[in-house]
Structure formats: C-alpha cells, structure tokens
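Working notes for the structure below.
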Amino acid sequence: MILYTLRCAHDHHFEHWFDNSGDYDTKKAEGALVCPQCGDTVVEKAIMAPNVGKSSSTPAPAPACTPMGCGGCQFAGQH
Ligand SMILES: [Zn+2]
C-alpha cells in the first residue's frame, strides 16, 4: 500500500491509499479520485517534501585540553 498526497485543480490537498503505483493511474483514469472538499476529479499527485531527518553527522568537538596544560594537543603553541 502506498499513501499519496493528492492535489485537486483547486489546490486542495488530501491523502489516498493505493495498492501500488499503477493503482493511482488506474483510479485516475476511472475518475475514481475525487477531492473530498470540492468533488473535483481533476487530481494529481502532489509534490511531497522529502522526509529527510536532521543530519546526525555533526562534527566531533575538538578535544579539550587537560587542566595541566595543552602540551601535546593539536593546539599546542596556539593558546
Ligand atoms: Zn478540491
């Protein structure tokens, strides 16, 4: 089952379940896709924003220097 977000000619958005991607074309050809808000049968798949999660690839924080000093760390001589 595929959930598509559909949009009618009046820019109403609604969701509809389909058995597969071809089921959308079949129902569309049959005029079985009806906007629940205005009854329009001229509907098309709405462009859905990709569901991209926040990137978890945050850069690792720079290693903290020890209280005894920073000799040997990558910042030696810079602070
Ligand atoms: Zn509509």
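Chain labels A, B, ... are given in the sequence in which chains occur in the structure tokens; within each chain residues are numbered consecutively from 1, and ligands are likewise numbered from 1 in the order shown.
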Checklist line | Contacts to ligand 1 at 7 Å cut-off (only C-alpha atoms and all ligand atoms) as number ranges by chain | finding: A: 8-12, 35-40
Next item on the list: Name all residues at most 12 Å from His16 in chain A (count only C-alpha atoms; drop same-chain ones fewer than 3 positions away) and give them as a VMD selection string.
Entry: chain A and resid 1 to 7 13 19 to 21 23 to 24 27 to 28 32 to 36 43 to 46
